[in-house]
Amino acid sequence: MQQEIAKQGYLVGIVDVPFNVSFFSSNKAEEIMKEHPTINNWFIGGHSLGGVVASSYAYNHQSKVKGLILLASYLMNKKMTFQTQIIQFYH
């Protein structure tokens with residue numbers, strides 16, 4: 001999916017997290033955002049627990065994050081409310 005999005009001209013960043021567990025690096029998106037300061041509209045996403053962490057980041061940074069993409073995932077907290085788009089895919 002990431003390759004298809006990138007082919008459309010969008011930046012796709014995939015972060016490296018310790019032990020492949022995103023909870024250990026919940027602010028990795030910040031590194032990519034700092035590397036590309038001219039981008040104003042960010043969508044963040046993740047698969048499984050990565051999506052949970054992405055939902056938390058998106059919730060806490062709603063002024064930066066315009067959308068959330070969850071792949072076989074769910075929100076960190078069911079009571080979260082967003083001003084952004086949320087797209088969920090299940091397989």
# chains A, B, ... in the order shown; residues from 1 in each chain; ligands from 1
>>> select_by_dssp(residues="chain A", states="strand (DSSP E)", output="ChimeraX atom specification")
/A:42-47,65-71,85-89
>>> residues_around(residues="segment 42-58 of chain A", least_positions_apart="2", cutoff="10 Å", atoms="only C-alpha atoms", output="ChimeraX atom specification")
/A:11-14,17,20-30,33,39-40,60-77,80,82,84-90
>>> atom_distance(atom1="atom CA of Gln3 of chain A", atom2="atom CA of Lys34 of chain A")
22.0 Å
>>> select_by_dssp(residues="segment 2-91 of chain A", states="helix (DSSP H, G or I)", output="mmCIF file with C-alpha atoms, in the first residue's frame")
data_model
loop_
_atom_site.group_PDB
_atom_site.id
_atom_site.type_symbol
_atom_site.label_atom_id
_atom_site.label_comp_id
_atom_site.auth_asym_id
_atom_site.auth_seq_id
_atom_site.Cartn_x
_atom_site.Cartn_y
_atom_site.Cartn_z
ATOM 1 C CA GLN A 2 2.795 2.437 0.876
ATOM 2 C CA GLN A 3 4.419 2.030 -2.540
ATOM 3 C CA GLU A 4 1.148 2.783 -4.316
ATOM 4 C CA ILE A 5 0.659 5.939 -2.248
ATOM 5 C CA ALA A 6 4.244 7.026 -2.941
ATOM 6 C CA LYS A 7 3.726 6.475 -6.693
ATOM 7 C CA PRO A 18 13.012 -0.946 18.690
ATOM 8 C CA PHE A 19 12.016 -4.612 18.640
ATOM 9 C CA ASN A 20 9.318 -3.718 16.047
ATOM 10 C CA SER A 22 5.908 1.081 18.333
ATOM 11 C CA PHE A 23 5.112 1.749 21.997
ATOM 12 C CA PHE A 24 8.845 2.171 22.577
ATOM 13 C CA SER A 25 9.009 5.090 20.117
ATOM 14 C CA LYS A 28 8.915 8.827 15.767
ATOM 15 C CA ALA A 29 6.531 10.710 13.476
ATOM 16 C CA GLU A 30 7.985 13.927 14.857
ATOM 17 C CA GLU A 31 11.378 13.084 13.303
ATOM 18 C CA ILE A 32 9.869 12.743 9.828
ATOM 19 C CA MET A 33 7.838 15.920 10.233
ATOM 20 C CA LYS A 34 10.951 17.874 11.250
ATOM 21 C CA GLU A 35 12.817 16.551 8.184
ATOM 22 C CA LEU A 49 -0.438 -1.769 17.810
ATOM 23 C CA GLY A 50 1.294 0.731 15.547
ATOM 24 C CA GLY A 51 -2.139 2.107 14.744
ATOM 25 C CA VAL A 52 -2.929 2.421 18.431
ATOM 26 C CA VAL A 53 0.229 4.481 18.928
ATOM 27 C CA ALA A 54 -0.567 6.497 15.793
ATOM 28 C CA SER A 55 -4.046 7.250 17.153
ATOM 29 C CA SER A 56 -2.531 8.578 20.362
ATOM 30 C CA TYR A 57 -0.053 10.732 18.450
ATOM 31 C CA ALA A 58 -2.779 12.036 16.142
ATOM 32 C CA TYR A 59 -5.033 12.841 19.092
ATOM 33 C CA ASN A 60 -2.276 14.760 20.887
#
>>> decode(residues="segment 2-28 of chain A", atoms="N, CA, C and O atoms", output="PDB file, in the first residue's frame")
ATOM      1  N   GLN A   2       1.943   1.257   0.788  1.00  0.00           N
ATOM      2  CA  GLN A   2       2.795   2.437   0.876  1.00  0.00           C
ATOM      3  C   GLN A   2       3.409   2.790  -0.476  1.00  0.00           C
ATOM      4  O   GLN A   2       3.510   3.958  -0.823  1.00  0.00           O
ATOM      5  N   GLN A   3       3.812   1.786  -1.230  1.00  0.00           N
ATOM      6  CA  GLN A   3       4.419   2.030  -2.540  1.00  0.00           C
ATOM      7  C   GLN A   3       3.418   2.663  -3.491  1.00  0.00           C
ATOM      8  O   GLN A   3       3.763   3.554  -4.264  1.00  0.00           O
ATOM      9  N   GLU A   4       2.177   2.217  -3.442  1.00  0.00           N
ATOM     10  CA  GLU A   4       1.148   2.783  -4.316  1.00  0.00           C
ATOM     11  C   GLU A   4       0.875   4.245  -3.957  1.00  0.00           C
ATOM     12  O   GLU A   4       0.678   5.077  -4.841  1.00  0.00           O
ATOM     13  N   ILE A   5       0.864   4.550  -2.687  1.00  0.00           N
ATOM     14  CA  ILE A   5       0.659   5.939  -2.248  1.00  0.00           C
ATOM     15  C   ILE A   5       1.828   6.795  -2.704  1.00  0.00           C
ATOM     16  O   ILE A   5       1.645   7.902  -3.218  1.00  0.00           O
ATOM     17  N   ALA A   6       3.051   6.289  -2.532  1.00  0.00           N
ATOM     18  CA  ALA A   6       4.244   7.026  -2.941  1.00  0.00           C
ATOM     19  C   ALA A   6       4.255   7.270  -4.451  1.00  0.00           C
ATOM     20  O   ALA A   6       4.678   8.337  -4.907  1.00  0.00           O
ATOM     21  N   LYS A   7       3.777   6.312  -5.234  1.00  0.00           N
ATOM     22  CA  LYS A   7       3.726   6.475  -6.693  1.00  0.00           C
ATOM     23  C   LYS A   7       2.830   7.637  -7.099  1.00  0.00           C
ATOM     24  O   LYS A   7       2.980   8.204  -8.178  1.00  0.00           O
ATOM     25  N   GLN A   8       1.889   7.995  -6.236  1.00  0.00           N
ATOM     26  CA  GLN A   8       0.985   9.114  -6.512  1.00  0.00           C
ATOM     27  C   GLN A   8       1.621  10.454  -6.154  1.00  0.00           C
ATOM     28  O   GLN A   8       0.988  11.496  -6.284  1.00  0.00           O
ATOM     29  N   GLY A   9       2.882  10.421  -5.663  1.00  0.00           N
ATOM     30  CA  GLY A   9       3.597  11.653  -5.363  1.00  0.00           C
ATOM     31  C   GLY A   9       3.572  12.086  -3.915  1.00  0.00           C
ATOM     32  O   GLY A   9       4.003  13.193  -3.589  1.00  0.00           O
ATOM     33  N   TYR A  10       3.096  11.228  -3.045  1.00  0.00           N
ATOM     34  CA  TYR A  10       3.044  11.562  -1.625  1.00  0.00           C
ATOM     35  C   TYR A  10       4.264  10.992  -0.900  1.00  0.00           C
ATOM     36  O   TYR A  10       4.735   9.902  -1.223  1.00  0.00           O
ATOM     37  N   LEU A  11       4.744  11.720   0.090  1.00  0.00           N
ATOM     38  CA  LEU A  11       5.822  11.223   0.932  1.00  0.00           C
ATOM     39  C   LEU A  11       5.266  10.141   1.850  1.00  0.00           C
ATOM     40  O   LEU A  11       4.235  10.341   2.491  1.00  0.00           O
ATOM     41  N   VAL A  12       5.931   9.014   1.891  1.00  0.00           N
ATOM     42  CA  VAL A  12       5.547   7.932   2.793  1.00  0.00           C
ATOM     43  C   VAL A  12       6.755   7.647   3.672  1.00  0.00           C
ATOM     44  O   VAL A  12       7.832   7.334   3.173  1.00  0.00           O
ATOM     45  N   GLY A  13       6.590   7.790   4.958  1.00  0.00           N
ATOM     46  CA  GLY A  13       7.672   7.512   5.894  1.00  0.00           C
ATOM     47  C   GLY A  13       7.343   6.279   6.711  1.00  0.00           C
ATOM     48  O   GLY A  13       6.236   6.149   7.232  1.00  0.00           O
ATOM     49  N   ILE A  14       8.287   5.385   6.789  1.00  0.00           N
ATOM     50  CA  ILE A  14       8.129   4.188   7.621  1.00  0.00           C
ATOM     51  C   ILE A  14       9.225   4.249   8.672  1.00  0.00           C
ATOM     52  O   ILE A  14      10.408   4.289   8.335  1.00  0.00           O
ATOM     53  N   VAL A  15       8.840   4.292   9.918  1.00  0.00           N
ATOM     54  CA  VAL A  15       9.821   4.465  10.990  1.00  0.00           C
ATOM     55  C   VAL A  15      10.336   3.122  11.493  1.00  0.00           C
ATOM     56  O   VAL A  15       9.630   2.120  11.466  1.00  0.00           O
ATOM     57  N   ASP A  16      11.563   3.160  11.933  1.00  0.00           N
ATOM     58  CA  ASP A  16      12.195   1.996  12.529  1.00  0.00           C
ATOM     59  C   ASP A  16      12.029   2.112  14.042  1.00  0.00           C
ATOM     60  O   ASP A  16      12.413   3.123  14.633  1.00  0.00           O
ATOM     61  N   VAL A  17      11.427   1.121  14.642  1.00  0.00           N
ATOM     62  CA  VAL A  17      11.205   1.158  16.095  1.00  0.00           C
ATOM     63  C   VAL A  17      11.883  -0.038  16.755  1.00  0.00           C
ATOM     64  O   VAL A  17      12.007  -1.099  16.159  1.00  0.00           O
ATOM     65  N   PRO A  18      12.328   0.147  17.994  1.00  0.00           N
ATOM     66  CA  PRO A  18      13.012  -0.946  18.690  1.00  0.00           C
ATOM     67  C   PRO A  18      12.131  -2.186  18.830  1.00  0.00           C
ATOM     68  O   PRO A  18      10.959  -2.087  19.200  1.00  0.00           O
ATOM     69  N   PHE A  19      12.696  -3.323  18.502  1.00  0.00           N
ATOM     70  CA  PHE A  19      12.016  -4.612  18.640  1.00  0.00           C
ATOM     71  C   PHE A  19      10.715  -4.691  17.845  1.00  0.00           C
ATOM     72  O   PHE A  19       9.838  -5.491  18.144  1.00  0.00           O
ATOM     73  N   ASN A  20      10.546  -3.799  16.846  1.00  0.00           N
ATOM     74  CA  ASN A  20       9.318  -3.718  16.047  1.00  0.00           C
ATOM     75  C   ASN A  20       8.077  -3.485  16.897  1.00  0.00           C
ATOM     76  O   ASN A  20       6.979  -3.916  16.545  1.00  0.00           O
ATOM     77  N   VAL A  21       8.246  -2.791  18.005  1.00  0.00           N
ATOM     78  CA  VAL A  21       7.130  -2.467  18.903  1.00  0.00           C
ATOM     79  C   VAL A  21       7.053  -0.944  19.012  1.00  0.00           C
ATOM     80  O   VAL A  21       7.921  -0.309  19.608  1.00  0.00           O
ATOM     81  N   SER A  22       6.011  -0.374  18.430  1.00  0.00           N
ATOM     82  CA  SER A  22       5.908   1.081  18.333  1.00  0.00           C
ATOM     83  C   SER A  22       5.746   1.791  19.675  1.00  0.00           C
ATOM     84  O   SER A  22       6.045   2.973  19.773  1.00  0.00           O
ATOM     85  N   PHE A  23       5.285   1.102  20.695  1.00  0.00           N
ATOM     86  CA  PHE A  23       5.112   1.749  21.997  1.00  0.00           C
ATOM     87  C   PHE A  23       6.430   2.285  22.548  1.00  0.00           C
ATOM     88  O   PHE A  23       6.442   3.191  23.358  1.00  0.00           O
ATOM     89  N   PHE A  24       7.543   1.724  22.095  1.00  0.00           N
ATOM     90  CA  PHE A  24       8.845   2.171  22.577  1.00  0.00           C
ATOM     91  C   PHE A  24       9.296   3.475  21.913  1.00  0.00           C
ATOM     92  O   PHE A  24      10.257   4.081  22.350  1.00  0.00           O
ATOM     93  N   SER A  25       8.619   3.881  20.865  1.00  0.00           N
ATOM     94  CA  SER A  25       9.009   5.090  20.117  1.00  0.00           C
ATOM     95  C   SER A  25       7.783   5.834  19.634  1.00  0.00           C
ATOM     96  O   SER A  25       7.581   6.029  18.435  1.00  0.00           O
ATOM     97  N   SER A  26       6.968   6.283  20.540  1.00  0.00           N
ATOM     98  CA  SER A  26       5.675   6.856  20.165  1.00  0.00           C
ATOM     99  C   SER A  26       5.761   8.214  19.472  1.00  0.00           C
ATOM    100  O   SER A  26       4.773   8.677  18.926  1.00  0.00           O
ATOM    101  N   ASN A  27       6.926   8.855  19.473  1.00  0.00           N
ATOM    102  CA  ASN A  27       7.050  10.157  18.814  1.00  0.00           C
ATOM    103  C   ASN A  27       7.918  10.117  17.563  1.00  0.00           C
ATOM    104  O   ASN A  27       8.426  11.143  17.130  1.00  0.00           O
ATOM    105  N   LYS A  28       8.085   8.955  16.964  1.00  0.00           N
ATOM    106  CA  LYS A  28       8.915   8.827  15.767  1.00  0.00           C
ATOM    107  C   LYS A  28       8.387   9.676  14.616  1.00  0.00           C
ATOM    108  O   LYS A  28       9.158  10.145  13.779  1.00  0.00           O
TER     109      LYS A  28
END
